[in-house]
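*Asks:* Here you go, one structure.
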Amino acid sequence: MARTVVDPVTRIEGHLRVEVEVTNGKVSDAWVSGTLWRGMELVLQDRNPEDAFWVSQRICGVCPISHSHASAQSTESALGITIPNNARIIRNLIEAAQFLHSHILWFYTLAALDYVNPVNALSANIADTYALAQAAGTRIADFGAVATRLKGFVENGQLSIFTGHEGWFGVGAEKHPGYVLPPELDLIATAHYLEALELQAVAAEIIAVMSGKFPHHMTSIPGGTAFVPTEQKLDDILFRFTRVKEFIDTALIPDTLAIAPYILGAASFGGGCGNFLSWGVFEAEDFDPYKRYLPRGFIQTSKGLTAEKVEATDVNEYVTHSWYSSPSGLNPAEGKTEPAWEPYSTDGKYSWGKAARCKDLPAEVGPLSRMLVGYVNGVKPVKDIVDFALGKLSAAAGATLEPTVLVSLLGRVAARNLEAAVVAGWAIEWVNELIAAIKGGDSSYFVTERAEAGKGVGLWEAPRGSVGHWMTVENGRIANYQVVAPTTWDISPRDEKGVPGPMEQALIGAPVVDATRPLEVMQVAHSFDP
Amino acid sequence: MSTHAYYREAHPLIFVITHWINLVCMVMLAFSGFYIHYPFFDGFMGVARGMHFVAMYVVIINLTFRIIAAFFVKSANKMGTREVDLDIKNWLPQEENKHQFWETVKYYLFLRKEGVISGKYGSLQKISYLATIPLTYLQAYTGFCIYAPAMDLGFFKGGLELVGGPMNMRIIHYFIMWVFIVFTMVHAYLANIYNFAPSKIIFLWKETEAKGH
Amino acid sequence: MAQEAHGALHDLLAVRGVSRRDFLKYCGSVAAAIGLSETMAPQVAAALEGAPKLLPALWINGGSCTGCTESIAQVDSPDVATIVLDYLSFEYFETIMAAAGTWAEENITKRVAEGGYIVIYEGSVMTGQDGNTLFVGGGPNNEGAKKGIDILKEVASNAVAVIAVGSCAVDGGWVMAHPNPAKATGVAAFLQKEGITTPVVSMPTCPVNPEWVVAMVVQLLLVADRDPAKFLELTQWVKYTYHDGVTDQDVTLTLPKGIYGQSIHDNCPRRGHFENGEFVTELGSKEEAMGYCLYKVGCKGPQTYTQCPVTRWNRSASWCVNSGAPCIGCGGLNWVDNNAPFLKRLSDIQFDGFLGMGNTQPGHIGAAVGGAVAVGLVAHGLGMKAAGRIGDGPPMEEMKAYDRKRMAKKGGDK
Ligand code: SF4
Ligand code: SF4
């Protein structure tokens, strides 16, 4: 038994620490900590309810849109506002742009380096690379130029963001055995890594057009939207969505399917707690969360692959192992936040994150949850693409794979990319829906009337998972505010009963080939996009 | 029971004029200020801002002139008299103002029956009139601080940094305006509570004879 | 001469279809942003292309949301790949670096020992809970973990310069807003308190605008040739002094004047509507469709000093006002307390429980006091009437004798 720590876990949003115990080449226990506390909920006390829209999104610079939308919904539900239809579509579009931005950035910039070895790409045969790209149906780039640039970069000796990791890639040390892709595939992925940097920015421009800027946007103000589209702006949006969708269809999806056969082992670990929560995202016309484009639902795989209903009241947060002195086990509507640091101890308190539980169970949130809930609800594009991917994987594995195979590291990685394809398709439909609505004479974007008091909750989905904002308003001021962020679910520490959180459970059982270089730990941690 | 006479010597014509200028400008300042604070109808911002600046300059010049004039012009040195003295002497505490501050407060709180003897003005009056002088200059200063072309000058920048930036300065500017509004309300009320003779003399320069001796 | 220089960067851009003209145009806008004339563009280009070695940089995340990192990824041209791979050698950059854990930590230690690097610091400086509101890098059971504040001290002590990016790094940002539960402060304040004299450049807005960061880096490379003294001397700055509550001292911030020298209002394309008194009264209304001014819905453009309307955001796609949202003043100091409620003209005053009041609008106080005085005067008037004082005035003559006597008794006048 040996303890290994990864702190900082890099290539994520925020500050995360993972401590694992390795026994016989496998993780036998794990502790995941959030190592930063800023006190957003306390800053929001006594402010105007609308202000939460702008301030609360600053919890996370990678998913500010979703936080702000959850926040706006909590204000709207507290003050009795129903937003106009045009605002609903515009918010869906802004949210979709963020999903696409985030998923592209996650796969290529954050997660890829756990699988792709750019140094190995140097030994690629350029002609073979083109042949492979064609066979895989993935996007052609100037692979020769990329290889040259890469070569110059490695030879120059200043490794920039690769500094300190070159040994893992095989420079001056033995390559980590976890990097298994052929050099040609490494080169393709590296070329797309560079292109992805451009495409994530294009997706972010869509948000800027509709909402001023990204990250931290401006227009989805409680009551609707402040953005009034012009024909020119609608064109700008449609053009960019089309470009992004094309990249997803011609790079992200084929790359995922091309890499998957090499890492089929990842289908047999990293599954985690087996409970999946989705609050639902992308509002439908009737504002019913169970009919959202990606619907609400809770799956306990121990009871089979079926989704049950789930409400805000099903949530509570324990602080047994978190640095708070506030009461443990409260529902966020009554939640309190009183920080109280004491020395870190895996037996005692070890995280700034609270332990969020759904129906008193740890629950994984994120694309895998949404795709599973969508799948069992029969959402057509979800079902189609999951079945398509399962077909491809089955062929590679030489066996018929059931949807339950998705409950794994591989499934979690794939689900995110598949979701991107689904959302990109919808986004283009929604732009046209908006154009039709405006042409039909609907010019309402914002509702001004509102109550002075009330209790509200906004339950929504960020690219990385379920997000909930709870708000109590008295005399036109925020009397209590609580946030349960996606990462609060996934990186939650143990609860009162000592049950580990989803990422902790996903880590347990993961192989660790080289205990001094725990690549698999990074892979599992990154798969949650924490 | 009795009232005073209100003679022209109380407010020589020149001060009737400065009082008028002051009144008109202050109304314009408050109105345009409220408009700039929150434009309650459309199409007036340019005019409102122009009005605010011009009226402010006029108020400041008028006030400065009024102060200087106090050293040269004579005015009645008591209520109801034609006896005159250098105006500035009537601003500052006079013999009759001594020990009258609390008595005046008591009088207005109905804690004593008789009106309090005073000089040309009562103690409270003198204090509040005098206070409006620095307050007017301060208000001009805070205004300059939040006026973009001026705020980088060291003299104004220092003030901005002291209060923590333009927003706080704007709030101070706003509050001082409320002080003026409150002052004006109290001033108008107390001046006219017994009868309108004070208004007749200060606005119309019309005398009223004493009554009921 | 620069005109002939065809460095690696230019070749690279050529491959991406960026012409030399576009490149020079970009360099011109960089030059303008840092307060140089556009004729300096060739020199900017030369600096970008001719740098013999990448400038080593450590990007440190303090109490951040990672938004400034995200923002850097949205930089226009040169694109982010170029910056990260070809201009600066980011030996530490949590969000995008390959290495993690101790491997990442070692990069810091090595670079600090060697020197000759810049620090870009994102996020607030977390001093709350004795500095434990942020810690990084411990072993099993957190043995040897470093507090965020200690990392800042370590990296800043030997750096050429520190660029504090985003409002959080500048003065604590939203995290230091009332009641500042995690005792957040800014980089300049913290380093001053610790007696570390490395120059700090502050670059607010939440998040930071990536083009401006590039401009500053170019400035350091070009005009200053990596010499901090020259850098400070040759750049035009604006200075702001404020009182930092956490470290309890007056702090002077240094901001590049080319970027933070003019108000948003002065450069706003909607300014004409402001002057004409044409306002958006309801968000998302037909006045918004006509591009009217957002002043009435709380726009803080008039008191916020940044180049947002000029540079714009996300590769010039748009900016806040252009999309219909009032500026919330995220480029100002203590921006949440100084600008919230964002849809109102004046900010709240934080009474923090004094007289039983919390956050309160100045307008409510003004109207309440004015109203109370009006009511008081009416009541007083009724009292005066009841006391029979109205019309004839109070009894004066009798009183005079009384007063004289009283004053004489007290040693007053004759
Ligand atoms: S929208 Fe804002 S910055 Fe633009 S003119 Fe109006 S008040 Fe000024
Ligand atoms: S316009 Fe205002 S709110 Fe928008 S980024 Fe600039 S300073 Fe911040």
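To be explicit about the labels: the chains of the structure tokens are called A, B, and onward in the order shown, and within each one the residues are counted from 1, while ligands get numbers from 1 in the order they are shown.
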Name the residues, by chain letter and number, that sit within 6 Å of ligand 2 using only C-alpha atoms and all ligand atoms, and give them as a ChimeraX atom specification.
*Replies:* /C:205,308,320,327-331
*Asks:* Show me which residues sit within 6 Å of ligand 1 when counting only C-alpha atoms and all ligand atoms, and put them as a PyMOL selection string.
*Replies:* chain C and resi 264-265+268+270-271+274+293-295+299+301-302+321
*Asks:* Using only C-alpha atoms, find each residue of chain C with at least one atom at most 9 Å away from an atom of chain B; report its shortest atom-to-atom pair and that distance in Å (one decimal), sort the rows by chain and rising residue number, and return the result as a tab-separated table.
*Replies:*
```
residue	atom	partner	partner_atom	distance
C:Tyr240	CA	B:Glu161	CA	7.2
C:Thr241	CA	B:Glu161	CA	5.9
C:Tyr242	CA	B:Glu161	CA	5.9
C:His243	CA	B:Gly164	CA	7.7
C:Gln262	CA	B:Ala148	CA	8.9
C:Ser263	CA	B:Ala148	CA	8.0
C:Asp266	CA	B:Ala148	CA	8.9
C:His273	CA	B:Gly43	CA	8.9
C:Phe274	CA	B:Met45	CA	6.8
C:Glu275	CA	B:Gly46	CA	4.8
C:Asn276	CA	B:Gly43	CA	5.3
C:Gly277	CA	B:Gly43	CA	3.9
C:Glu278	CA	B:Asp42	CA	5.6
C:Phe279	CA	B:Asp42	CA	6.9
C:Tyr295	CA	B:Tyr38	CA	8.3
C:Lys296	CA	B:Tyr38	CA	6.2
C:Pro302	CA	B:Ala148	CA	8.3
C:Gln303	CA	B:Pro166	CA	6.3
C:Thr304	CA	B:Pro166	CA	8.9
C:Gly332	CA	B:Gly165	CA	8.8
C:Leu333	CA	B:Gly165	CA	7.8
C:Asn334	CA	B:Gly164	CA	9.0
C:Asn338	CA	B:Met167	CA	6.1
C:Asn339	CA	B:Met167	CA	7.5
C:Arg345	CA	B:His37	CA	7.1
C:Leu346	CA	B:Ile171	CA	6.9
C:Ser347	CA	B:Met167	CA	7.1
C:Ile349	CA	B:Asn168	CA	8.9
C:Pro362	CA	B:Ile171	CA	6.8
C:Gly363	CA	B:Tyr174	CA	8.4
C:Ile365	CA	B:Phe175	CA	8.7
C:Gly366	CA	B:Trp178	CA	6.0
C:Ala367	CA	B:Trp178	CA	8.1
C:Val369	CA	B:Val182	CA	8.1
C:Gly370	CA	B:Val182	CA	6.0
C:Val373	CA	B:Val182	CA	6.8
C:Ala374	CA	B:Met185	CA	7.3
C:Leu377	CA	B:Val186	CA	7.2
C:His380	CA	B:Tyr108	CA	8.3
C:Gly381	CA	B:Ile193	CA	7.3
C:Gly383	CA	B:Phe110	CA	8.1
C:Met384	CA	B:Ile193	CA	8.1
C:Ala387	CA	B:Phe110	CA	8.3
C:Arg389	CA	B:Tyr194	CA	6.8
C:Ile390	CA	B:Tyr194	CA	4.5
C:Gly391	CA	B:Tyr194	CA	4.8
C:Asp392	CA	B:Ser2	CA	5.4
C:Gly393	CA	B:Tyr194	CA	5.4
C:Pro394	CA	B:Gly115	CA	5.1
C:Pro395	CA	B:Met1	CA	4.9
C:Met396	CA	B:Gly115	CA	5.6
C:Glu397	CA	B:Ser2	CA	8.0
C:Glu398	CA	B:Glu114	CA	8.1
C:Met399	CA	B:Glu114	CA	5.8
C:Lys400	CA	B:Ile117	CA	6.3
C:Asp403	CA	B:Ile117	CA	7.4
C:Met407	CA	B:His99	CA	7.7
C:Gly412	CA	B:Lys98	CA	7.8
C:Asp413	CA	B:Glu95	CA	7.4
```
*Asks:* Select from range 31-204 of chain C everything DSSP, run on the backbone, classes as strand (DSSP E or B), then give the selection as a PyMOL selection string.
*Replies:* chain C and resi 55-61+63+88-93+118-122+124-126+134-136+146-147+161-165+184-185+200-203
*Asks:* Can you work out the spacing between CA of Phe53 in chain A and CA of Ser68 in chain A in Å, to one decimal?
*Replies:*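 Separating CA of Phe53 in chain A from CA of Ser68 in chain A is a distance of 4.9 Å.
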*Asks:* If you run DSSP on the backbone, which residues of range 50-84 of chain A are helix (DSSP H, G or I), as a list in words?
*Replies:* Asp51, Ala52, Phe53, Trp54, Val55, Ser56, Gln57, Arg58, Ile59, Pro64, Ile65, Ser66, His67, Ser68, His69, Ala70, Ser71, Ala72, Gln73, Ser74, Thr75, Glu76, Ser77, Ala78 and Leu79 of chain A
*Asks:* Just the selected residues (N, CA and C atoms), exported as a PDB file, in the first residue's frame, please.
*Replies:*
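See part.pdb below for the written result:
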```pdb
ATOM      1  N   ASP A  51     -28.701  40.790  -9.498  1.00  0.00           N
ATOM      2  CA  ASP A  51     -27.239  40.858  -9.490  1.00  0.00           C
ATOM      3  C   ASP A  51     -26.597  39.475  -9.468  1.00  0.00           C
ATOM      4  N   ALA A  52     -27.310  38.513  -8.890  1.00  0.00           N
ATOM      5  CA  ALA A  52     -26.756  37.158  -8.808  1.00  0.00           C
ATOM      6  C   ALA A  52     -26.441  36.620 -10.190  1.00  0.00           C
ATOM      7  N   PHE A  53     -27.226  37.034 -11.192  1.00  0.00           N
ATOM      8  CA  PHE A  53     -26.964  36.569 -12.555  1.00  0.00           C
ATOM      9  C   PHE A  53     -25.521  36.892 -12.952  1.00  0.00           C
ATOM     10  N   TRP A  54     -25.081  38.125 -12.662  1.00  0.00           N
ATOM     11  CA  TRP A  54     -23.733  38.511 -13.085  1.00  0.00           C
ATOM     12  C   TRP A  54     -22.657  37.973 -12.153  1.00  0.00           C
ATOM     13  N   VAL A  55     -22.933  38.034 -10.873  1.00  0.00           N
ATOM     14  CA  VAL A  55     -21.867  37.682  -9.930  1.00  0.00           C
ATOM     15  C   VAL A  55     -21.693  36.172  -9.841  1.00  0.00           C
ATOM     16  N   SER A  56     -22.807  35.424  -9.749  1.00  0.00           N
ATOM     17  CA  SER A  56     -22.671  33.986  -9.466  1.00  0.00           C
ATOM     18  C   SER A  56     -21.994  33.244 -10.606  1.00  0.00           C
ATOM     19  N   GLN A  57     -22.081  33.747 -11.836  1.00  0.00           N
ATOM     20  CA  GLN A  57     -21.427  33.019 -12.936  1.00  0.00           C
ATOM     21  C   GLN A  57     -19.909  33.019 -12.762  1.00  0.00           C
ATOM     22  N   ARG A  58     -19.414  33.920 -11.922  1.00  0.00           N
ATOM     23  CA  ARG A  58     -17.971  34.005 -11.719  1.00  0.00           C
ATOM     24  C   ARG A  58     -17.443  32.936 -10.784  1.00  0.00           C
ATOM     25  N   ILE A  59     -18.300  32.012 -10.379  1.00  0.00           N
ATOM     26  CA  ILE A  59     -17.839  30.812  -9.691  1.00  0.00           C
ATOM     27  C   ILE A  59     -16.901  30.058 -10.617  1.00  0.00           C
ATOM     28  N   PRO A  64     -19.491  29.614 -17.050  1.00  0.00           N
ATOM     29  CA  PRO A  64     -20.241  30.735 -16.477  1.00  0.00           C
ATOM     30  C   PRO A  64     -21.666  30.829 -17.008  1.00  0.00           C
ATOM     31  N   ILE A  65     -21.851  30.417 -18.274  1.00  0.00           N
ATOM     32  CA  ILE A  65     -23.170  30.540 -18.888  1.00  0.00           C
ATOM     33  C   ILE A  65     -24.181  29.720 -18.082  1.00  0.00           C
ATOM     34  N   SER A  66     -23.799  28.480 -17.765  1.00  0.00           N
ATOM     35  CA  SER A  66     -24.753  27.596 -17.094  1.00  0.00           C
ATOM     36  C   SER A  66     -25.048  28.084 -15.689  1.00  0.00           C
ATOM     37  N   HIS A  67     -24.011  28.546 -14.980  1.00  0.00           N
ATOM     38  CA  HIS A  67     -24.268  29.095 -13.646  1.00  0.00           C
ATOM     39  C   HIS A  67     -25.219  30.271 -13.740  1.00  0.00           C
ATOM     40  N   SER A  68     -24.967  31.134 -14.710  1.00  0.00           N
ATOM     41  CA  SER A  68     -25.802  32.327 -14.808  1.00  0.00           C
ATOM     42  C   SER A  68     -27.228  31.959 -15.185  1.00  0.00           C
ATOM     43  N   HIS A  69     -27.374  30.953 -16.027  1.00  0.00           N
ATOM     44  CA  HIS A  69     -28.730  30.554 -16.406  1.00  0.00           C
ATOM     45  C   HIS A  69     -29.460  29.904 -15.235  1.00  0.00           C
ATOM     46  N   ALA A  70     -28.749  29.093 -14.466  1.00  0.00           N
ATOM     47  CA  ALA A  70     -29.380  28.526 -13.266  1.00  0.00           C
ATOM     48  C   ALA A  70     -29.757  29.651 -12.313  1.00  0.00           C
ATOM     49  N   SER A  71     -28.865  30.632 -12.189  1.00  0.00           N
ATOM     50  CA  SER A  71     -29.130  31.745 -11.296  1.00  0.00           C
ATOM     51  C   SER A  71     -30.339  32.550 -11.767  1.00  0.00           C
ATOM     52  N   ALA A  72     -30.378  32.843 -13.061  1.00  0.00           N
ATOM     53  CA  ALA A  72     -31.510  33.612 -13.598  1.00  0.00           C
ATOM     54  C   ALA A  72     -32.811  32.847 -13.364  1.00  0.00           C
ATOM     55  N   GLN A  73     -32.761  31.523 -13.552  1.00  0.00           N
ATOM     56  CA  GLN A  73     -33.975  30.733 -13.318  1.00  0.00           C
ATOM     57  C   GLN A  73     -34.380  30.751 -11.855  1.00  0.00           C
ATOM     58  N   SER A  74     -33.408  30.759 -10.957  1.00  0.00           N
ATOM     59  CA  SER A  74     -33.774  30.796  -9.544  1.00  0.00           C
ATOM     60  C   SER A  74     -34.443  32.132  -9.230  1.00  0.00           C
ATOM     61  N   THR A  75     -33.938  33.212  -9.796  1.00  0.00           N
ATOM     62  CA  THR A  75     -34.582  34.514  -9.596  1.00  0.00           C
ATOM     63  C   THR A  75     -35.982  34.503 -10.193  1.00  0.00           C
ATOM     64  N   GLU A  76     -36.082  33.969 -11.399  1.00  0.00           N
ATOM     65  CA  GLU A  76     -37.375  33.980 -12.069  1.00  0.00           C
ATOM     66  C   GLU A  76     -38.389  33.116 -11.331  1.00  0.00           C
ATOM     67  N   SER A  77     -37.943  31.979 -10.796  1.00  0.00           N
ATOM     68  CA  SER A  77     -38.914  31.151 -10.080  1.00  0.00           C
ATOM     69  C   SER A  77     -39.264  31.792  -8.743  1.00  0.00           C
ATOM     70  N   ALA A  78     -38.304  32.498  -8.136  1.00  0.00           N
ATOM     71  CA  ALA A  78     -38.612  33.159  -6.862  1.00  0.00           C
ATOM     72  C   ALA A  78     -39.579  34.321  -7.065  1.00  0.00           C
ATOM     73  N   LEU A  79     -39.418  35.048  -8.171  1.00  0.00           N
ATOM     74  CA  LEU A  79     -40.192  36.276  -8.351  1.00  0.00           C
ATOM     75  C   LEU A  79     -41.360  36.116  -9.328  1.00  0.00           C
TER      76      LEU A  79
END
```
*Asks:* Neighbours of Gly164 in chain A within 7 Å (only C-alpha atoms; same-chain residues fewer than 4 positions away dropped), as a count of residues only?
*Replies:* 4
*Asks:* Between CA of Glu317 in chain A and CA of Asn377 in chain A, what distance in Å does the model show, to one decimal?
*Replies:*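 Atom-to-atom, CA of Glu317 in chain A and CA of Asn377 in chain A are spaced 28.0 Å apart.
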*Asks:* Can you tell me, as a PyMOL selection string, what residues are no more than 8 Å from Ala97 in chain A when counting only C-alpha atoms, ignoring any on the same chain fewer than 4 positions away?
*Replies:* chain A and resi 93+101+203-204+206-207+241+427
